[in-house]
Amino acid sequence: MTTITGNLLVAGSEKRGTNGDFQAIEAAAGVLLPVSFGGANADDVEEASRQAWTAFNSYRQTTLESRALFLEAIAEEIEAIGDELISRAMLETGLPRGRLEGERARTIGQLRLFAKEVREGRFQELRFDPADPTRKPVAKPDLRLRNIPLGPVAVFGASNFPLAFSVAGGDTASALAAGCPVIVKAHSAHPGTSELVGRAVQRAVAGAGLHPGTFSLLFDAGFEVGQKLVADPRIRAVGFTGSRRGGTALMEIASHRKQPIPVYAEMSSINPVILFPGALKSRARDIASTFVASLVLGAGQFCTNPGLLLAIDGGDLDTFTTTAAELLPEVGAQPMLTPSIAKAYCDGVARLEQHPKVKPVASGKVGTKYDGRAALFETTAAAFLDHHELQDEVFGAAGLIVRCRDMAQLDEVLDALEGQLTVAIHIDEGDQDAARRFVPKLELLAGRLLVNGFGTGVEVSPAMVHGGPYPATADGRSTSVGTLAIYRFLRPVSYQDFPERLLPEALR
Ligand code: NAP
């Protein structure tokens with residue numbers, strides 16, 4: 001018996017959306033799933049935004065302890081949903097049970113980590129710079145500083161993380177931790193999963209005695225709701241994970257508002273992997289096998305998927321390529337998140353197959369039309385440098401090996417790359433001097449640099465950066481994973497010569 005209704009969750013209440021209906025699609029079979037979801041209209045966006053703005057007044061002033069308890073209550077409510085959440089998410093996304101159970105644990109862990117961060121209170125950045133009335137030629141004022149939350153945040157859930165980067169995922173957790181109410185535009189790929197989690201958050205809001213406008217969840221059969229939300233003057237920041245086209249469309253709207261607002265959009269990345277000569281000579285076969293495993297993980301539907309491999313041409317690279325070509329045909333096709341993502345992947349692979357400068361290396365097993373079939377290609381550095389389109393993300397298990405003439409040409413390729421989420425280098429002891437010369441360049445290219453690993457599997461940690469220069473993200477100064485994410489939704493305020501009674505409690 002499902003508890004999914006298809007209703008909008010607007011500030012503590014629920015209502016049927018009247019702006020068109022849509023149904024979720026079973027990812028692996030392409031058939032419609034039960035329950036139709038009613039799209040929100042302009043009045044619903046207005047109501048959610050108005051309530052969020054009202055809630056902001058009280059929510060931002062909650063004590064750190066009560067805010068932390070609220071985040072922990074959301075985690076408990078999600079846990080309490082039980083198997084219905086996992087079963088529905090499996091149908092809607094095609095992701096396997098184990099992966100989704102792990103993702104639920106990560107989502108809950110993330111909320112608890114932010115609760116801890118809130119309790120510790122460091123994010124407030126309290127600073128005290130005492131007055132010096134004797135300073136000449138002018139007396140020095142008393143200055144105190146703290147971070148305050150920005151205001152209501154619009155969150156766009158990611159298709160590829162239906163729990164950890166969706167309704168109560170990293171963007172929502174970090175915004176709520178900062179003291180910002182959240183309005184989520186549910187991803188149309190997993191509306192049932194979204195509703196179940198949305199109800200859990202709604203229950204936690206009520207249980208904590210918070211203003212109901214602290215959280216709302218809206219559905220939409222198109223892009224209208226999301227665009228209206230971003231344009232609403234009461235929304236003060238946006239968290240987004242998805243395509244470059246979607247992210248840049250929202251950035252455009254945000255920048256043309258009367259009061260422009262930050263859009264933290266995580267968009268596209270091909271996550272270069274550089275194989276240094278020593279590592280390739282001693283471990284070509286081993287690296288090839290871990291590379292293939294990373295490439296095909298989750299049908300390649302990770303923003304950190306290793307889509308580009310750079311190495312010096314020669315026999316050792318041939319060994320790597322031959323090994324990958326032996327392994328890949330054994331890899332089964334896997335269902336993709338949505339039929340449209342499956343089609344986009346198929347089209348992207350076809351573009352590479354038809355590219356005059358690209359050669360196929362190997363493919364995985366054939367599956368249904370909703371499955372992604374892994375595919376590996378190769379090209380030369382000269383061709384890669386001449387054809388910018390070869391940098392386009394093909395979201396799924398597709399990879400491109402770029403054969404470079406020498407280190408100087410590899411350096412040229414790095415110079416031509418767009419901003420990335422991750423760059424991985426594979427090195428042996430003897431490669432360290434060469435690798436050291438590259439590090440300053442790699443720092444400018446990506447938000448996370450890895451040695452002898454792959455970017456898939458993003459640790460939720462205080463020291464994690466899941467971000468990077470444009471177009472990996474809209475703003476490379478921040479991260480969407482890890483506790484540092486809270487700073488996206490804060491701004492500093494300085495209090496000069498304030499009498500004690502007027503000062504915020506934390507600054508007294
Ligand atoms: P998407 O199409 O960008 O959709 C993400 C969210 O934004 C959805 O809620 C979507 O609404 C909304 N949206 C998209 N375009 C919009 C627009 N112009 N105006 C207002 N709202 C808009 O991304 P996706 O469906 O998750 O996946 C499609 C592609 O995104 C993939 O093929 C891949 O290239 C990329 N992707 C990248 C990452 C990453 O982390 N780098 C992660 C996931 C996906 P609807 O729900 O109504 O569609």
# chains A, B, ... in the order shown; residues from 1 in each chain; ligands from 1
>>> residues_around(residues="A:Ile108", least_positions_apart="6", cutoff="8 Å", atoms="only C-alpha atoms", output="PDB file with N, CA, C and O atoms, in the first residue's frame")
ATOM      1  N   ALA A  75      16.857  12.979   9.535  1.00  0.00           N
ATOM      2  CA  ALA A  75      17.550  11.696   9.320  1.00  0.00           C
ATOM      3  C   ALA A  75      16.706  10.546   9.879  1.00  0.00           C
ATOM      4  O   ALA A  75      16.523   9.516   9.220  1.00  0.00           O
ATOM      5  N   GLU A  76      16.189  10.741  11.084  1.00  0.00           N
ATOM      6  CA  GLU A  76      15.377   9.668  11.702  1.00  0.00           C
ATOM      7  C   GLU A  76      14.112   9.404  10.905  1.00  0.00           C
ATOM      8  O   GLU A  76      13.697   8.262  10.708  1.00  0.00           O
ATOM      9  N   ILE A  78      13.636   9.832   7.753  1.00  0.00           N
ATOM     10  CA  ILE A  78      13.966   9.134   6.494  1.00  0.00           C
ATOM     11  C   ILE A  78      14.194   7.648   6.778  1.00  0.00           C
ATOM     12  O   ILE A  78      13.697   6.777   6.055  1.00  0.00           O
ATOM     13  N   GLU A  79      14.913   7.374   7.854  1.00  0.00           N
ATOM     14  CA  GLU A  79      15.163   5.983   8.248  1.00  0.00           C
ATOM     15  C   GLU A  79      13.837   5.255   8.478  1.00  0.00           C
ATOM     16  O   GLU A  79      13.650   4.114   8.077  1.00  0.00           O
TER      17      GLU A  79
END
>>> residues_near_ligand(ligand="ligand 1", cutoff="8 Å", atoms="only C-alpha atoms and all ligand atoms", output="MDAnalysis selection string")
chainID A and resid 156:161 185:189 220:227 240:250 266:269 301:304 340:341 344:345 393:396 472
>>> residues_around(residues="A:Val358", least_positions_apart="3", cutoff="9 Å", atoms="only C-alpha atoms", output="PyMOL selection string")
chain A and resi 352-355+377-380+383+400
>>> write_last_selection(atoms="C-alpha atoms", output="short mmCIF file (atom, residue, chain, number, x, y, z; two decimals), in the first residue's frame")
data_model
loop_
_atom_site.label_atom_id
_atom_site.label_comp_id
_atom_site.auth_asym_id
_atom_site.auth_seq_id
_atom_site.Cartn_x
_atom_site.Cartn_y
_atom_site.Cartn_z
CA LEU A 352 31.94 9.38 -31.02
CA GLU A 353 31.48 6.32 -33.26
CA GLN A 354 30.90 8.54 -36.26
CA HIS A 355 33.67 11.02 -35.46
CA PHE A 377 37.30 5.10 -27.71
CA GLU A 378 40.69 6.54 -28.56
CA THR A 379 42.10 9.47 -30.45
CA THR A 380 45.32 11.42 -30.80
CA ALA A 383 42.83 15.54 -32.99
CA LEU A 400 38.03 8.48 -24.50
#
>>> select_by_dssp(residues="stretch 289-451 of chain A", states="helix (DSSP H, G or I)", output="count of residues only")
81
>>> residues_around(residues="A:Cys346", least_positions_apart="2", cutoff="12 Å", atoms="only C-alpha atoms", output="PDB file with N, CA, C and O atoms, in the first residue's frame")
ATOM      1  N   MET A 336      19.627   2.757 -17.366  1.00  0.00           N
ATOM      2  CA  MET A 336      19.994   4.137 -17.074  1.00  0.00           C
ATOM      3  C   MET A 336      18.855   4.799 -16.316  1.00  0.00           C
ATOM      4  O   MET A 336      17.766   4.254 -16.188  1.00  0.00           O
ATOM      5  N   PRO A 339      14.604   7.050 -19.523  1.00  0.00           N
ATOM      6  CA  PRO A 339      14.704   6.793 -20.964  1.00  0.00           C
ATOM      7  C   PRO A 339      15.380   7.953 -21.701  1.00  0.00           C
ATOM      8  O   PRO A 339      16.117   7.730 -22.659  1.00  0.00           O
ATOM      9  N   SER A 340      15.171   9.188 -21.237  1.00  0.00           N
ATOM     10  CA  SER A 340      15.789  10.300 -21.970  1.00  0.00           C
ATOM     11  C   SER A 340      17.294  10.369 -21.711  1.00  0.00           C
ATOM     12  O   SER A 340      18.065  10.713 -22.620  1.00  0.00           O
ATOM     13  N   ILE A 341      17.730   9.996 -20.511  1.00  0.00           N
ATOM     14  CA  ILE A 341      19.179   9.949 -20.256  1.00  0.00           C
ATOM     15  C   ILE A 341      19.789   8.799 -21.064  1.00  0.00           C
ATOM     16  O   ILE A 341      20.876   8.928 -21.627  1.00  0.00           O
ATOM     17  N   ALA A 342      19.039   7.676 -21.183  1.00  0.00           N
ATOM     18  CA  ALA A 342      19.525   6.551 -22.001  1.00  0.00           C
ATOM     19  C   ALA A 342      19.675   6.992 -23.457  1.00  0.00           C
ATOM     20  O   ALA A 342      20.668   6.672 -24.121  1.00  0.00           O
ATOM     21  N   LYS A 343      18.716   7.758 -23.935  1.00  0.00           N
ATOM     22  CA  LYS A 343      18.777   8.208 -25.337  1.00  0.00           C
ATOM     23  C   LYS A 343      19.938   9.194 -25.528  1.00  0.00           C
ATOM     24  O   LYS A 343      20.682   9.103 -26.509  1.00  0.00           O
ATOM     25  N   ALA A 344      20.080  10.126 -24.560  1.00  0.00           N
ATOM     26  CA  ALA A 344      21.173  11.106 -24.662  1.00  0.00           C
ATOM     27  C   ALA A 344      22.520  10.385 -24.678  1.00  0.00           C
ATOM     28  O   ALA A 344      23.433  10.751 -25.426  1.00  0.00           O
ATOM     29  N   GLY A 348      25.248  10.318 -27.689  1.00  0.00           N
ATOM     30  CA  GLY A 348      26.626  10.747 -27.432  1.00  0.00           C
ATOM     31  C   GLY A 348      27.620   9.701 -27.912  1.00  0.00           C
ATOM     32  O   GLY A 348      28.642  10.030 -28.540  1.00  0.00           O
ATOM     33  N   VAL A 349      27.317   8.420 -27.671  1.00  0.00           N
ATOM     34  CA  VAL A 349      28.199   7.331 -28.121  1.00  0.00           C
ATOM     35  C   VAL A 349      28.209   7.286 -29.656  1.00  0.00           C
ATOM     36  O   VAL A 349      29.270   7.137 -30.278  1.00  0.00           O
ATOM     37  N   ALA A 350      27.035   7.488 -30.249  1.00  0.00           N
ATOM     38  CA  ALA A 350      26.959   7.466 -31.723  1.00  0.00           C
ATOM     39  C   ALA A 350      27.806   8.595 -32.321  1.00  0.00           C
ATOM     40  O   ALA A 350      28.485   8.400 -33.344  1.00  0.00           O
ATOM     41  N   ARG A 351      27.809   9.761 -31.657  1.00  0.00           N
ATOM     42  CA  ARG A 351      28.630  10.881 -32.160  1.00  0.00           C
ATOM     43  C   ARG A 351      30.117  10.490 -32.147  1.00  0.00           C
ATOM     44  O   ARG A 351      30.856  10.810 -33.079  1.00  0.00           O
ATOM     45  N   LEU A 352      30.538   9.805 -31.094  1.00  0.00           N
ATOM     46  CA  LEU A 352      31.944   9.381 -31.021  1.00  0.00           C
ATOM     47  C   LEU A 352      32.233   8.313 -32.077  1.00  0.00           C
ATOM     48  O   LEU A 352      33.276   8.339 -32.741  1.00  0.00           O
ATOM     49  N   GLU A 353      31.290   7.387 -32.258  1.00  0.00           N
ATOM     50  CA  GLU A 353      31.482   6.317 -33.259  1.00  0.00           C
ATOM     51  C   GLU A 353      31.642   6.897 -34.664  1.00  0.00           C
ATOM     52  O   GLU A 353      32.408   6.395 -35.472  1.00  0.00           O
ATOM     53  N   VAL A 366      25.494  -5.742 -25.131  1.00  0.00           N
ATOM     54  CA  VAL A 366      24.297  -5.016 -25.579  1.00  0.00           C
ATOM     55  C   VAL A 366      23.165  -5.289 -24.580  1.00  0.00           C
ATOM     56  O   VAL A 366      23.073  -6.381 -24.032  1.00  0.00           O
ATOM     57  N   GLY A 367      22.332  -4.290 -24.335  1.00  0.00           N
ATOM     58  CA  GLY A 367      21.203  -4.469 -23.432  1.00  0.00           C
ATOM     59  C   GLY A 367      19.909  -4.025 -24.086  1.00  0.00           C
ATOM     60  O   GLY A 367      19.802  -4.029 -25.319  1.00  0.00           O
ATOM     61  N   THR A 368      18.944  -3.600 -23.277  1.00  0.00           N
ATOM     62  CA  THR A 368      17.684  -3.099 -23.817  1.00  0.00           C
ATOM     63  C   THR A 368      17.883  -1.652 -24.247  1.00  0.00           C
ATOM     64  O   THR A 368      18.949  -1.068 -24.018  1.00  0.00           O
ATOM     65  N   LYS A 369      16.837  -1.059 -24.815  1.00  0.00           N
ATOM     66  CA  LYS A 369      17.007   0.333 -25.269  1.00  0.00           C
ATOM     67  C   LYS A 369      17.059   1.305 -24.089  1.00  0.00           C
ATOM     68  O   LYS A 369      17.379   2.481 -24.258  1.00  0.00           O
ATOM     69  N   TYR A 370      16.756   0.812 -22.880  1.00  0.00           N
ATOM     70  CA  TYR A 370      16.844   1.682 -21.707  1.00  0.00           C
ATOM     71  C   TYR A 370      18.165   1.497 -20.962  1.00  0.00           C
ATOM     72  O   TYR A 370      18.404   2.114 -19.941  1.00  0.00           O
ATOM     73  N   ASP A 371      19.003   0.590 -21.484  1.00  0.00           N
ATOM     74  CA  ASP A 371      20.287   0.312 -20.839  1.00  0.00           C
ATOM     75  C   ASP A 371      21.404   1.149 -21.453  1.00  0.00           C
ATOM     76  O   ASP A 371      21.320   1.553 -22.612  1.00  0.00           O
ATOM     77  N   GLY A 372      22.439   1.317 -20.666  1.00  0.00           N
ATOM     78  CA  GLY A 372      23.647   1.952 -21.181  1.00  0.00           C
ATOM     79  C   GLY A 372      24.672   0.850 -21.447  1.00  0.00           C
ATOM     80  O   GLY A 372      24.924   0.014 -20.583  1.00  0.00           O
ATOM     81  N   ARG A 373      25.243   0.857 -22.653  1.00  0.00           N
ATOM     82  CA  ARG A 373      26.269  -0.121 -23.022  1.00  0.00           C
ATOM     83  C   ARG A 373      27.604   0.616 -22.974  1.00  0.00           C
ATOM     84  O   ARG A 373      27.809   1.605 -23.696  1.00  0.00           O
ATOM     85  N   ALA A 374      28.509   0.124 -22.108  1.00  0.00           N
ATOM     86  CA  ALA A 374      29.798   0.798 -21.938  1.00  0.00           C
ATOM     87  C   ALA A 374      30.537   0.889 -23.273  1.00  0.00           C
ATOM     88  O   ALA A 374      30.404  -0.010 -24.117  1.00  0.00           O
ATOM     89  N   ALA A 375      31.305   1.958 -23.451  1.00  0.00           N
ATOM     90  CA  ALA A 375      32.024   2.137 -24.712  1.00  0.00           C
ATOM     91  C   ALA A 375      33.311   2.917 -24.468  1.00  0.00           C
ATOM     92  O   ALA A 375      33.306   3.922 -23.755  1.00  0.00           O
ATOM     93  N   VAL A 394      29.751  12.874 -22.144  1.00  0.00           N
ATOM     94  CA  VAL A 394      28.739  11.877 -22.549  1.00  0.00           C
ATOM     95  C   VAL A 394      28.359  11.193 -21.245  1.00  0.00           C
ATOM     96  O   VAL A 394      29.117  10.371 -20.728  1.00  0.00           O
ATOM     97  N   PHE A 395      27.222  11.583 -20.685  1.00  0.00           N
ATOM     98  CA  PHE A 395      26.828  11.122 -19.344  1.00  0.00           C
ATOM     99  C   PHE A 395      26.488   9.639 -19.394  1.00  0.00           C
ATOM    100  O   PHE A 395      25.471   9.250 -19.950  1.00  0.00           O
ATOM    101  N   GLY A 396      27.364   8.820 -18.823  1.00  0.00           N
ATOM    102  CA  GLY A 396      27.232   7.373 -18.886  1.00  0.00           C
ATOM    103  C   GLY A 396      28.619   6.759 -18.968  1.00  0.00           C
ATOM    104  O   GLY A 396      29.621   7.453 -18.797  1.00  0.00           O
ATOM    105  N   ALA A 397      28.661   5.438 -19.262  1.00  0.00           N
ATOM    106  CA  ALA A 397      29.936   4.716 -19.215  1.00  0.00           C
ATOM    107  C   ALA A 397      30.702   4.807 -20.530  1.00  0.00           C
ATOM    108  O   ALA A 397      31.034   3.790 -21.146  1.00  0.00           O
ATOM    109  N   ALA A 398      30.985   6.031 -20.996  1.00  0.00           N
ATOM    110  CA  ALA A 398      31.778   6.207 -22.214  1.00  0.00           C
ATOM    111  C   ALA A 398      33.085   6.902 -21.858  1.00  0.00           C
ATOM    112  O   ALA A 398      33.086   7.872 -21.100  1.00  0.00           O
TER     113      ALA A 398
END
>>> residues_around(residues="A:Leu328", least_positions_apart="2", cutoff="8 Å", atoms="only C-alpha atoms", output="ChimeraX atom specification")
/A:292,324-326,330-331,362-364,374-375
